[in-house]
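Worksheet: one structure, shown below.
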Amino acid sequence: MVHAVNSNQRPAPMLLDSYEKDKFFDEICTLAVETDSQLTQIDRLLDDEELYQLIRADLAQRHPHTETTGRPSTPVEVILRMLVTRRLYGWSYEETEQRVKDSLVLRMFCRAYFESVPDDTTLIRWAGQVQPETLEAFNRRITALALELKVTKGRKLRTDGTAVETNIAAPVDSRLLADSVRVLGRSLTRAKAVLAEGTELVKSVFRNRNRSARRMARKAAQYIGSQKERGQAAYRKLVTITRQTISQAKTVLAELKAMAKLVSHCKPAERLVGTLESFIPRAEQVIDQTVRRVFQNEKVPAEDKLVSIFEPHSDIIVRGKAGKPVEYGHKVWLDEVEGGIVTRWDVLDGNPNDQLQWTDSLDGHKDLFGKPPTQVSADRGVYSPKNEQAAQSREIARVVLPKPGYKSVEREQHEKQAWFRKGRRWHNGVEGRISVLKRRFDLTRCRDHGRAGFERWVGWAVIANNLVSIGRHQAAKVG
């Protein structure tokens with residue numbers, strides 16, 4: 001892949017493809033550095049032109065004229081490889097910057113050579129440009145490469161789901177109300193500076209009620225369990241404070257919108273408008289669910305609850321696990337084929353029944369490999385006569401779906417067949433794959449923000465896993 005920048009040629013485009021290869025750097029690395037064999041194989045995989053172009057297309061959308069104007073960017077090749085490095089080793093953006101700076105091996109892998117390494121904030125901004133759909137296409141290409149390299153043949157498919165948490169604390173109504181007041185109050189303080197003398201609003205409209213809200217939130221949390229009346233009294237005051245703050249925010253929002261219309265490109269006002277328009281409805285929803293739960297003794301359905309004003313997309317997932325019966329985030333459905341390759345993932349909404357994911361897995365596999373697997377398996381929770389029939393109608397020879405509960409004599413004999421029992425043993429490996437994704441590739445808890453950030457987090461974890469699986473296979477073949 002040749003995308004080098006040469007200073008002797010005509011001026012380069014602003015979105016750089018790569019740095020010119022440094023022969024002196026290569027000579028130093030050849031003499032002084034021993035590269036990990038798996039990393040060498042992953043390096044070769046990332047040379048694939050199609051993978052590169054997928055990421056470049058997203059980075060080119062950062063600004064309308066990213067490819068033609070502005071100062072030269074960090075090369076796309078360096079950004080891609082640093083993002084991969086981060087998830088391969090489970091580092092933060094800041095740690096990735098420092099580790100690549102200090103390592104000749106990683107400088108060579110990331111194609112940074114003796115050039116400056118992008119700092120963590122630059123990497124964060126570029127990372128946010130990569131779309132979840134792009135990562136899905138990226139993973140499909142990696143799967144195709146695994147097929148070419150005979151890492152997998154796509155003959156066996158196992159599918160299972162797991163919960164991935166968003167980076168939030170366990171939701172409590174008092175904390176959510178206090179958070180709402182804090183965020184809106186902070187925005188009111190900033191709005192006061194932006195509007196300055198150009199407004200006729202009285203000072204009380206900009207009042208920050210954060211301290212009062214925090215005090216009432218502590219009392220509400222302290223008394224609601226043991227002294228219900230005192231707890232409810234604290235909640236009433238907290239709800240009143242939150243309503244007052246919302247009223248102030250709506251008044252200020254109208255002023256900010258008027259200012260944004262009069263003064264073109266007033267970015268501080270535009271940013272505050274966006275913040276208030278996002279958080280006011282969330283604060284109102286928190287008040288609604290608090291009133292229903294605390295004062296009306298109503299059991300609020302999970303789909304009506306907001307568990308975080310910062311990550312409003314988070315779902316309540318009840319799985320009944322020992323020590324963690326309830327989780328907050330999203331259920332993620334994974335498809336894996338032999339060779340340790342996760343071919344597909346799906347971030348689900350709510351807490352849907354596992355049975356509903358079966359046909360999507362079967363169809364996704366056929367779309368990817370061009371034919372159905374010879375064996376497919378899932379846990380008991382996926383079993384239904386309809387799902388079993390769906391697999392058989394797709395000409396899948398071995399359908400390994402154990403039936404829960406009572407089994408007829410005929411069913412018992414069916415599940416005792418050697419191929420069925422062998423398929424069950426192979427299926428158990430999907431739990432190990434999920435464990436690897438969680439422990440090594442940080443799939444336990446998402447640290448990115450928003451729904452798109454969540455999907456990116458899952459996507460990079462799966463991609464890192466697949467790169468390691470292919471790298472390990474290829475390294476073993478070499479020697």
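Residues are referred to by chain and number: the chain letter is A, B, ... according to the order shown in the structure tokens, the number counts from 1 in that chain, and ligands are numbered separately from 1 in the order shown.
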* Could you write out, as a PyMOL selection string, all the residues of range 70-143 of chain A that DSSP marks as helix (DSSP H, G or I)? -> chain A and resi 76-89+93-102+104-109+120-127+132-143
Might you pull out every residue within 12 Å of range 60-74 of chain A, with only C-alpha atoms counted and same-chain residues fewer than 3 positions away left off, and present them as a ChimeraX atom specification? /A:5,11-19,53-57,77-82,110-112,115-119,122-123,125-131
Just asking: which residues within range 188-399 of chain A are strand (DSSP E or B) according to DSSP, as a PyMOL selection string? chain A and resi 315-321+324-337+341-347+375-377+398-399
*Might you pull out every residue within 10 Å of Gln357 in chain A, with only C-alpha atoms counted and same-chain residues fewer than 5 positions away left off, and present them as a list in words?*
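My list of contacting residues is Thr159, Asp160, Gly161, Trp333, Leu334, Asp346, Leu348, Pro352, Leu362, Val382 and Asn387 of chain A.
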